[in-house]
file input25.tsv (TSV, C-alpha atoms)
chain	number	residue	atom	x	y	z
A	19	MET	CA	-5.10	-5.40	6.49
A	20	ARG	CA	-8.62	-4.35	5.50
A	21	THR	CA	-9.42	-0.82	4.44
A	22	SER	CA	-12.88	0.71	4.24
A	23	PHE	CA	-14.44	4.07	3.42
A	24	VAL	CA	-17.23	5.39	5.64
A	25	GLU	CA	-19.10	8.63	6.15
A	26	LEU	CA	-17.27	11.27	8.15
A	27	LYS	CA	-18.56	10.93	11.69
A	28	LEU	CA	-16.10	11.11	14.58
A	29	PRO	CA	-15.96	7.99	16.74
A	30	THR	CA	-15.87	8.25	20.53
A	31	ARG	CA	-13.33	5.47	21.06
A	32	GLY	CA	-10.33	3.91	19.39
A	33	VAL	CA	-7.42	5.41	17.44
A	34	LEU	CA	-8.31	8.56	15.49
A	35	VAL	CA	-5.90	10.21	13.04
A	36	PHE	CA	-6.01	13.84	11.86
A	37	LEU	CA	-4.03	15.39	9.00
A	38	VAL	CA	-2.26	18.68	9.70
A	39	GLY	CA	-0.45	20.84	7.16
A	40	SER	CA	2.77	22.77	7.76
A	41	ASP	CA	0.78	25.85	8.77
A	42	GLY	CA	-0.40	23.92	11.83
A	43	LYS	CA	-4.08	24.63	11.17
A	44	LEU	CA	-6.51	22.00	12.37
A	45	SER	CA	-9.32	20.76	10.15
A	46	GLY	CA	-12.92	21.47	11.09
A	47	SER	CA	-13.41	18.06	12.69
A	48	ALA	CA	-10.17	18.37	14.64
A	49	ARG	CA	-11.18	21.81	15.95
A	50	ARG	CA	-14.54	20.45	17.13
A	51	LEU	CA	-12.83	17.57	18.92
A	52	ASP	CA	-10.33	20.03	20.42
A	53	GLU	CA	-13.24	21.92	21.96
A	54	ARG	CA	-14.83	18.70	23.20
A	55	THR	CA	-11.55	17.65	24.86
A	56	HIS	CA	-11.04	21.07	26.44
A	57	GLY	CA	-8.14	22.09	24.20
A	58	ALA	CA	-6.15	18.85	24.51
A	59	ILE	CA	-5.19	18.81	20.82
A	60	SER	CA	-3.98	22.41	20.60
A	61	ARG	CA	-2.09	22.06	23.91
A	62	ALA	CA	-0.34	18.94	22.63
A	63	GLN	CA	0.61	20.76	19.41
A	64	LYS	CA	2.18	23.58	21.38
A	65	ALA	CA	3.90	21.36	23.96
A	66	ALA	CA	5.45	19.12	21.29
A	67	GLY	CA	6.39	21.95	18.95
A	68	PHE	CA	4.37	20.15	16.29
A	69	ALA	CA	4.67	22.07	13.01
A	70	GLY	CA	2.87	19.72	10.63
A	71	LYS	CA	6.02	18.75	8.73
A	72	LYS	CA	5.76	15.65	6.54
A	73	GLY	CA	6.08	12.52	8.66
A	74	GLU	CA	5.88	14.37	11.99
A	75	THR	CA	3.43	12.89	14.51
A	76	VAL	CA	2.01	13.66	17.94
A	77	THR	CA	0.01	11.15	19.96
A	78	ILE	CA	-2.54	12.18	22.59
A	79	LEU	CA	-3.72	9.44	24.94
A	80	ALA	CA	-7.11	9.52	26.69
A	81	PRO	CA	-7.72	13.29	26.65
A	82	HIS	CA	-10.25	14.78	29.08
A	83	GLY	CA	-13.63	14.51	27.39
A	84	GLY	CA	-12.43	11.69	25.14
A	85	GLU	CA	-11.00	9.19	27.59
A	86	GLU	CA	-11.51	6.22	25.25
A	87	LEU	CA	-9.73	7.92	22.35
A	88	THR	CA	-6.14	7.91	21.19
A	89	ILE	CA	-5.60	10.89	18.90
A	90	ILE	CA	-2.75	11.01	16.41
A	91	LEU	CA	-1.81	14.21	14.58
A	92	THR	CA	0.22	13.47	11.47
A	93	GLY	CA	2.05	16.13	9.50
A	94	ILE	CA	1.48	16.27	5.75
A	95	GLY	CA	3.79	19.19	4.92
A	96	GLU	CA	3.05	22.03	2.51
A	97	LEU	CA	-0.45	21.76	1.07
A	98	SER	CA	0.74	23.34	-2.18
A	99	GLU	CA	3.05	20.32	-2.65
A	100	PHE	CA	0.51	17.74	-1.48
A	101	ASP	CA	-0.36	15.37	-4.32
A	102	ALA	CA	-1.45	11.74	-4.75
A	103	LEU	CA	2.04	10.32	-4.23
A	104	ARG	CA	2.54	12.38	-1.06
A	105	ALA	CA	-0.83	11.09	0.17
A	106	GLN	CA	0.39	7.52	-0.33
A	107	GLU	CA	3.54	8.29	1.67
A	108	ILE	CA	1.40	9.76	4.45
A	109	GLY	CA	-0.87	6.71	4.37
A	110	ALA	CA	2.15	4.46	4.93
A	111	GLY	CA	3.19	6.63	7.87
A	112	ILE	CA	-0.30	6.47	9.34
A	113	TYR	CA	-0.21	2.68	9.22
A	114	LYS	CA	3.03	2.73	11.20
A	115	ALA	CA	1.76	5.32	13.69
A	116	VAL	CA	-1.45	3.41	14.42
A	117	GLY	CA	0.57	0.23	14.99
A	118	ALA	CA	2.94	2.07	17.33
A	119	VAL	CA	0.11	2.73	19.79
A	120	SER	CA	-0.92	-0.95	19.72
A	121	GLY	CA	-4.02	-0.20	17.71
A	122	LYS	CA	-5.74	-3.16	16.07
A	123	ALA	CA	-7.73	-0.60	14.11
A	124	GLY	CA	-7.62	3.08	13.30
A	125	ALA	CA	-9.79	5.73	11.69
A	126	VAL	CA	-8.41	8.54	9.54
A	127	VAL	CA	-10.30	11.81	9.17
A	128	VAL	CA	-9.86	12.74	5.51
A	129	GLU	CA	-9.71	16.51	5.95
A	130	THR	CA	-6.94	19.07	5.77
A	131	GLY	CA	-6.81	22.54	7.25
A	132	GLY	CA	-6.75	24.08	3.76
A	133	ARG	CA	-6.90	23.31	0.05
A	134	SER	CA	-4.66	20.71	-1.57
A	135	LYS	CA	-4.12	19.51	-5.13
A	136	VAL	CA	-6.13	16.33	-4.58
A	137	SER	CA	-9.86	16.05	-4.02
A	138	GLY	CA	-11.34	14.47	-0.91
A	139	ALA	CA	-12.01	11.21	-2.76
A	140	GLU	CA	-8.48	11.08	-4.23
A	141	LEU	CA	-6.99	11.89	-0.84
A	142	ALA	CA	-8.92	9.11	0.90
A	143	ALA	CA	-8.10	6.56	-1.82
A	144	ASN	CA	-4.38	7.36	-1.87
A	145	LEU	CA	-4.07	7.33	1.92
A	146	ALA	CA	-5.60	3.85	1.83
A	147	ILE	CA	-3.29	2.78	-1.00
A	148	GLY	CA	-0.21	3.89	0.92
A	149	ALA	CA	-1.34	2.14	4.10
A	150	ARG	CA	-2.19	-1.04	2.21
A	151	LEU	CA	1.22	-1.12	0.51
A	152	ARG	CA	2.94	-0.54	3.87
A	153	ALA	CA	1.01	-3.45	5.39
A	154	TYR	CA	2.84	-6.02	3.25
A	155	SER	CA	4.91	-8.68	4.99
A	156	TYR	CA	6.47	-11.89	3.73
A	157	ASP	CA	5.72	-14.50	6.37
A	158	LYS	CA	5.41	-17.66	4.29
A	159	TYR	CA	8.15	-19.48	6.21
A	160	LEU	CA	7.48	-18.09	9.69
A	161	THR	CA	6.23	-20.63	12.21
A	162	ARG	CA	4.44	-17.86	14.14
A	163	LYS	CA	2.76	-15.60	11.63
A	164	ASP	CA	1.75	-11.98	12.11
A	165	LYS	CA	-0.53	-11.16	9.20
A	166	ASN	CA	-0.27	-7.41	9.70
A	167	GLY	CA	3.33	-6.47	8.99
A	168	GLY	CA	4.52	-6.88	12.57
A	169	ASN	CA	2.47	-4.17	14.26
A	170	GLY	CA	-0.99	-5.73	14.62
A	171	VAL	CA	-3.04	-3.27	12.51
A	172	GLU	CA	-5.97	-5.19	11.10
A	173	ARG	CA	-8.39	-2.50	9.91
A	174	LEU	CA	-8.11	1.08	8.75
A	175	GLN	CA	-11.18	3.23	8.14
A	176	LEU	CA	-11.09	6.34	5.98
A	177	LEU	CA	-13.71	8.83	7.18
A	178	THR	CA	-14.69	10.91	4.17
A	179	ARG	CA	-17.55	12.89	2.65
A	180	SER	CA	-16.93	11.18	-0.71
A	181	VAL	CA	-17.38	7.52	0.17
A	182	ALA	CA	-18.50	6.17	-3.22
A	183	ALA	CA	-15.89	8.11	-5.23
A	184	ALA	CA	-13.09	7.18	-2.83
A	185	ARG	CA	-14.02	3.49	-2.91
A	186	ARG	CA	-14.16	3.58	-6.72
A	187	ALA	CA	-10.73	5.23	-6.97
A	188	PHE	CA	-9.21	2.71	-4.57
A	189	ASN	CA	-10.74	-0.27	-6.37
A	190	GLU	CA	-9.27	0.91	-9.68
A	191	PHE	CA	-5.81	0.79	-8.11
A	192	ALA	CA	-6.34	-2.48	-6.21
A	193	PRO	CA	-4.95	-4.70	-9.03
A	194	VAL	CA	-1.73	-2.64	-8.95
A	195	ILE	CA	-1.39	-3.32	-5.22
A	196	GLU	CA	-1.85	-7.04	-5.85
A	197	GLY	CA	0.80	-6.89	-8.57
A	198	VAL	CA	3.25	-5.10	-6.28
A	199	ASP	CA	2.69	-7.71	-3.59
A	200	LEU	CA	3.21	-10.51	-6.12
A	201	ALA	CA	6.52	-8.96	-7.20
A	202	ARG	CA	7.57	-8.67	-3.55
A	203	ASP	CA	6.70	-12.34	-2.99
A	204	LEU	CA	8.79	-13.39	-5.99
A	205	VAL	CA	11.77	-11.34	-4.81
A	206	SER	CA	11.48	-12.63	-1.24
A	207	GLU	CA	11.23	-16.34	-2.11
A	208	PRO	CA	14.50	-18.12	-1.18
A	209	SER	CA	16.90	-18.68	-4.09
A	210	ASN	CA	17.09	-22.43	-3.53
A	211	VAL	CA	13.37	-22.57	-4.38
A	212	LYS	CA	13.44	-20.02	-7.19
A	213	SER	CA	14.59	-22.16	-10.10
A	214	PRO	CA	13.85	-21.20	-13.74
A	215	LYS	CA	11.06	-23.79	-13.88
A	216	TRP	CA	9.59	-22.46	-10.64
A	217	MET	CA	9.59	-18.92	-12.03
A	218	ALA	CA	7.98	-20.13	-15.24
A	219	ALA	CA	5.28	-21.85	-13.19
A	220	GLN	CA	4.52	-18.57	-11.41
A	221	CYS	CA	4.18	-16.84	-14.78
A	222	ARG	CA	1.79	-19.52	-15.99
A	223	LYS	CA	-0.59	-18.59	-13.16
A	224	LEU	CA	-1.25	-15.31	-14.98
A	225	SER	CA	-3.11	-17.26	-17.66
A	226	LYS	CA	-6.24	-17.15	-15.52
A	227	LEU	CA	-6.16	-13.34	-15.83
A	228	GLY	CA	-6.12	-13.50	-19.61
A	229	VAL	CA	-2.36	-13.32	-20.17
A	230	LYS	CA	-1.13	-15.65	-22.91
A	231	VAL	CA	1.91	-17.46	-21.49
A	232	GLU	CA	4.39	-19.48	-23.56
A	233	VAL	CA	7.38	-21.25	-21.98
A	234	LEU	CA	10.36	-22.39	-24.05
A	235	GLY	CA	12.73	-25.07	-22.80
A	236	GLU	CA	16.39	-25.49	-23.77
A	237	ALA	CA	15.66	-27.63	-26.84
A	238	GLN	CA	13.34	-24.95	-28.26
A	239	MET	CA	15.82	-22.17	-27.47
A	240	ARG	CA	18.65	-24.10	-29.11
A	241	LYS	CA	16.55	-24.51	-32.25
A	242	LEU	CA	15.99	-20.73	-32.30
A	243	GLY	CA	19.73	-20.03	-31.92
A	244	MET	CA	19.58	-18.50	-28.44
A	245	ASN	CA	23.12	-19.65	-27.71
A	246	ALA	CA	24.18	-16.67	-25.60
A	247	LEU	CA	21.32	-17.29	-23.19
A	248	LEU	CA	22.00	-21.01	-23.14
A	249	ALA	CA	25.69	-20.39	-22.44
A	250	VAL	CA	24.76	-18.57	-19.23
A	251	GLY	CA	22.46	-21.42	-18.24
A	252	GLN	CA	25.30	-23.93	-18.54
A	253	GLY	CA	26.52	-22.69	-15.16
A	254	SER	CA	23.65	-24.52	-13.49
A	255	VAL	CA	22.34	-28.09	-13.42
A	256	ARG	CA	18.85	-26.62	-13.71
A	257	GLU	CA	17.40	-26.19	-17.17
A	258	SER	CA	17.02	-22.67	-18.53
A	259	GLN	CA	13.55	-21.37	-19.42
A	260	LEU	CA	12.35	-18.50	-21.55
A	261	VAL	CA	8.88	-17.11	-20.85
A	262	VAL	CA	6.91	-15.06	-23.36
A	263	MET	CA	3.83	-13.34	-21.98
A	264	ARG	CA	1.30	-11.54	-24.18
A	265	TRP	CA	-1.47	-9.26	-23.02
A	266	ASN	CA	-3.78	-8.15	-25.81
A	267	GLY	CA	-5.72	-5.70	-23.71
A	268	GLY	CA	-5.25	-2.59	-25.84
A	269	GLY	CA	-7.48	-1.32	-28.61
A	270	ARG	CA	-7.19	-2.33	-32.25
A	271	ASP	CA	-4.92	0.63	-33.04
A	272	ALA	CA	-2.89	0.56	-29.81
A	273	LYS	CA	0.88	0.40	-30.18
A	274	THR	CA	2.71	-2.73	-29.05
A	275	VAL	CA	4.82	-2.33	-25.92
A	276	SER	CA	7.51	-4.92	-25.20
A	277	LEU	CA	9.32	-5.43	-21.91
A	278	ILE	CA	12.39	-7.68	-21.81
A	279	GLY	CA	13.62	-8.89	-18.45
A	280	LYS	CA	16.44	-11.20	-17.44
A	281	GLY	CA	16.02	-13.33	-14.35
A	282	VAL	CA	19.08	-15.12	-13.02
A	283	THR	CA	18.27	-17.87	-10.52
A	284	PHE	CA	20.37	-20.50	-8.77

call {"tool": "encode", "arguments": {"input": "input25.tsv", "output": "C-alpha cells"}}
result
Amino acid sequence: MRTSFVELKLPTRGVLVFLVGSDGKLSGSARRLDERTHGAISRAQKAAGFAGKKGETVTILAPHGGEELTIILTGIGELSEFDALRAQEIGAGIYKAVGAVSGKAGAVVVETGGRSKVSGAELAANLAIGARLRAYSYDKYLTRKDKNGGNGVERLQLLTRSVAAARRAFNEFAPVIEGVDLARDLVSEPSNVKSPKWMAAQCRKLSKLGVKVEVLGEAQMRKLGMNALLAVGQGSVRESQLVVMRWNGGGRDAKTVSLIGKGVTF
C-alpha cells in the first residue's frame, strides 16, 4: 500500500475519513461537509449512537450533496489520552475500515475536534505508520496474490496542513516499518525452509546496509568450546550456525549494546 501526504482540501468523490473524539465534536472540515450534505453526518452520528469511542466507526454512503462520496467517521477516544501510539492504532483501524467499503483508495482528514498531545504533522505521520503496518500480508506462497492484505486498499492519502513535516516524520520511521516486515517474513517462512544456513543467509543480506556479519560453522564453534549449543544442534541433520552482527553506527563515546537471541529451526 502506498501512503502520501497532501494539502488539506476535501475531495468530492471516493472514501473520506474523519477523526472524531469521545466528545463527538466534528472537526472544522467535517462540519463544512455536514452543511454541504444537508446534515447527513450529524444525522448519522445521532442515528448510530456514535460516541467517538476508540475503534468505533460509522459509514455514510452517497449522502445528498455528496453522492460520489463514502464518508467514514472513526472514533479516536479521549483527546487527553491521544498520543502517537494511539494514532498508529487508529491508522490501522482506518485501513481496515476503508477496505470494508471496497475502497481501492481512501483519504484521511488529519483534524480533530479539539487539542491532542500530538501535532498535526505527528498525527498524520503516525496514522500513516499504523495503516502501513496493518497493510502487511505474507503471500509468498499464494498462487493468487492480493498485495493489499486481503481488502484491496492500494493508496491512502493523509490530508494535512503540515505536508512537509508529516512526510519527514514518516520517512524517519520508514526503516522501522521495513524491519518489522522483515521480521514478519522470517517468522512466517515455513519451518522446512528455515534451516540455520537459510537464516544465516538472510542475516548476510544486512551487509549491504552496513552491518558487519560473521557466520560461524560447527567446526569454528567447537574450537571455541561452544559445546552446549552444539549439543542442541545434534538433534538435527542440519549444521548449526552462529551469527554475529555488528553495527558501528553510534558515536565514538557511545556505549556498546549487545542483543543475544536463540533461533531454533528444524

call {"tool": "closest_residue", "arguments": {"input": "input25.tsv", "among": "A:Arg162, A:Arg256, A:Arg186, A:Lys122", "to": "A:Ser213", "atoms": "only C-alpha atoms"}}
result
A:Arg256

call {"tool": "atom_distance", "arguments": {"input": "input25.tsv", "atom1": "atom CA of A:Thr30", "atom2": "atom CA of A:Ala143"}}
result
23.7 Å

call {"tool": "residues_around", "arguments": {"input": "input25.tsv", "residues": "stretch 44-56 of chain A", "least_positions_apart": "4", "cutoff": "8 Å", "atoms": "all atoms listed in the file", "output": "list in words"}}
result
Leu28, Phe36, Leu37, Val38, Ser60, Pro81, His82, Gly83, Gly84, Val127, Glu129, Thr130, Gly131 and Gly132 of chain A

call {"tool": "residues_near_point", "arguments": {"input": "input25.tsv", "point": "(18.9, -23.2, -15.7)", "cutoff": "9 Å", "atoms": "only C-alpha atoms", "output": "PDB file with C-alpha atoms, keeping the file's coordinate frame"}}
result
ATOM      1  CA  SER A 213      14.590 -22.160 -10.100  1.00  0.00           C
ATOM      2  CA  PRO A 214      13.850 -21.200 -13.740  1.00  0.00           C
ATOM      3  CA  LYS A 215      11.060 -23.790 -13.880  1.00  0.00           C
ATOM      4  CA  GLU A 236      16.390 -25.490 -23.770  1.00  0.00           C
ATOM      5  CA  LEU A 248      22.000 -21.010 -23.140  1.00  0.00           C
ATOM      6  CA  VAL A 250      24.760 -18.570 -19.230  1.00  0.00           C
ATOM      7  CA  GLY A 251      22.460 -21.420 -18.240  1.00  0.00           C
ATOM      8  CA  GLN A 252      25.300 -23.930 -18.540  1.00  0.00           C
ATOM      9  CA  GLY A 253      26.520 -22.690 -15.160  1.00  0.00           C
ATOM     10  CA  SER A 254      23.650 -24.520 -13.490  1.00  0.00           C
ATOM     11  CA  VAL A 255      22.340 -28.090 -13.420  1.00  0.00           C
ATOM     12  CA  ARG A 256      18.850 -26.620 -13.710  1.00  0.00           C
ATOM     13  CA  GLU A 257      17.400 -26.190 -17.170  1.00  0.00           C
ATOM     14  CA  SER A 258      17.020 -22.670 -18.530  1.00  0.00           C
ATOM     15  CA  GLN A 259      13.550 -21.370 -19.420  1.00  0.00           C
ATOM     16  CA  VAL A 282      19.080 -15.120 -13.020  1.00  0.00           C
ATOM     17  CA  THR A 283      18.270 -17.870 -10.520  1.00  0.00           C
ATOM     18  CA  PHE A 284      20.370 -20.500  -8.770  1.00  0.00           C
TER      19      PHE A 284
END

call {"tool": "closest_residue", "arguments": {"input": "input25.tsv", "among": "A:Gly117, A:Gly148, A:Gly267, A:Gly93", "to": "A:Phe188", "atoms": "all atoms listed in the file"}}
result
A:Gly148

call {"tool": "closest_residue", "arguments": {"input": "input25.tsv", "among": "A:Glu172, A:Glu85, A:Asp271, A:Glu196", "to": "A:Lys114", "atoms": "all atoms listed in the file"}}
result
A:Glu172

call {"tool": "residues_around", "arguments": {"input": "input25.tsv", "residues": "A:Gln63", "least_positions_apart": "2", "cutoff": "10 Å", "atoms": "all atoms listed in the file", "output": "list in words"}}
result
Gly42, Ala58, Ile59, Ser60, Arg61, Ala65, Ala66, Gly67, Phe68, Ala69, Gly70, Thr75, Val76, Thr77, Ile78 and Leu91 of chain A

call {"tool": "closest_residue", "arguments": {"input": "input25.tsv", "among": "A:Ala125, A:Gln106, A:Val231, A:Val119", "to": "A:Leu34", "atoms": "all atoms listed in the file"}}
result
A:Ala125

call {"tool": "atom_distance", "arguments": {"input": "input25.tsv", "atom1": "atom CA of A:Asn210", "atom2": "atom CA of A:Ala249"}}
result
20.9 Å

call {"tool": "closest_residue", "arguments": {"input": "input25.tsv", "among": "A:Thr21, A:Ser120, A:Ser209, A:Thr274", "to": "A:Leu145", "atoms": "only C-alpha atoms"}}
result
A:Thr21

call {"tool": "closest_residue", "arguments": {"input": "input25.tsv", "among": "A:Arg152, A:Lys158, A:Arg222, A:Lys135", "to": "A:Ala115", "atoms": "all atoms listed in the file"}}
result
A:Arg152

call {"tool": "atom_distance", "arguments": {"input": "input25.tsv", "atom1": "atom CA of A:Ala123", "atom2": "atom CA of A:Gly111"}}
result
14.5 Å

call {"tool": "residues_around", "arguments": {"input": "input25.tsv", "residues": "A:Leu26", "least_positions_apart": "3", "cutoff": "7 Å", "atoms": "all atoms listed in the file", "output": "mmCIF file with C-alpha atoms, in the frame of the given file"}}
result
data_model
loop_
_atom_site.group_PDB
_atom_site.id
_atom_site.type_symbol
_atom_site.label_atom_id
_atom_site.label_comp_id
_atom_site.auth_asym_id
_atom_site.auth_seq_id
_atom_site.Cartn_x
_atom_site.Cartn_y
_atom_site.Cartn_z
ATOM 1 C CA LEU A 177 -13.710 8.830 7.180
ATOM 2 C CA THR A 178 -14.690 10.910 4.170
ATOM 3 C CA ARG A 179 -17.550 12.890 2.650
#

call {"tool": "build_atoms", "arguments": {"input": "input25.tsv", "residues": "stretch 240-254 of chain A", "atoms": "N, CA and C atoms", "output": "short mmCIF file (atom, residue, chain, number, x, y, z; two decimals), in the frame of the given file"}}
result
data_model
loop_
_atom_site.label_atom_id
_atom_site.label_comp_id
_atom_site.auth_asym_id
_atom_site.auth_seq_id
_atom_site.Cartn_x
_atom_site.Cartn_y
_atom_site.Cartn_z
N ARG A 240 17.51 -23.70 -28.27
CA ARG A 240 18.65 -24.10 -29.11
C ARG A 240 18.25 -24.08 -30.59
N LYS A 241 17.05 -24.51 -30.88
CA LYS A 241 16.55 -24.51 -32.25
C LYS A 241 16.43 -23.09 -32.79
N LEU A 242 16.13 -22.12 -31.90
CA LEU A 242 15.99 -20.73 -32.30
C LEU A 242 17.33 -19.98 -32.28
N GLY A 243 18.41 -20.65 -31.91
CA GLY A 243 19.73 -20.03 -31.92
C GLY A 243 20.01 -19.12 -30.75
N MET A 244 19.38 -19.36 -29.63
CA MET A 244 19.58 -18.50 -28.44
C MET A 244 20.79 -18.99 -27.65
N ASN A 245 21.94 -19.03 -28.31
CA ASN A 245 23.12 -19.65 -27.71
C ASN A 245 23.73 -18.83 -26.59
N ALA A 246 23.63 -17.51 -26.66
CA ALA A 246 24.18 -16.67 -25.60
C ALA A 246 23.44 -16.93 -24.29
N LEU A 247 22.12 -17.01 -24.38
CA LEU A 247 21.32 -17.29 -23.19
C LEU A 247 21.63 -18.69 -22.66
N LEU A 248 21.72 -19.64 -23.55
CA LEU A 248 22.00 -21.01 -23.14
C LEU A 248 23.38 -21.15 -22.52
N ALA A 249 24.33 -20.34 -23.00
CA ALA A 249 25.69 -20.39 -22.44
C ALA A 249 25.69 -19.99 -20.97
N VAL A 250 24.88 -18.99 -20.63
CA VAL A 250 24.76 -18.57 -19.23
C VAL A 250 24.16 -19.70 -18.40
N GLY A 251 23.14 -20.35 -18.96
CA GLY A 251 22.46 -21.42 -18.24
C GLY A 251 23.32 -22.64 -18.00
N GLN A 252 24.42 -22.78 -18.74
CA GLN A 252 25.30 -23.93 -18.54
C GLN A 252 25.98 -23.92 -17.18
N GLY A 253 25.93 -22.78 -16.50
CA GLY A 253 26.52 -22.69 -15.16
C GLY A 253 25.68 -23.35 -14.10
N SER A 254 24.53 -23.90 -14.46
CA SER A 254 23.65 -24.52 -13.49
C SER A 254 23.20 -25.89 -13.98
#
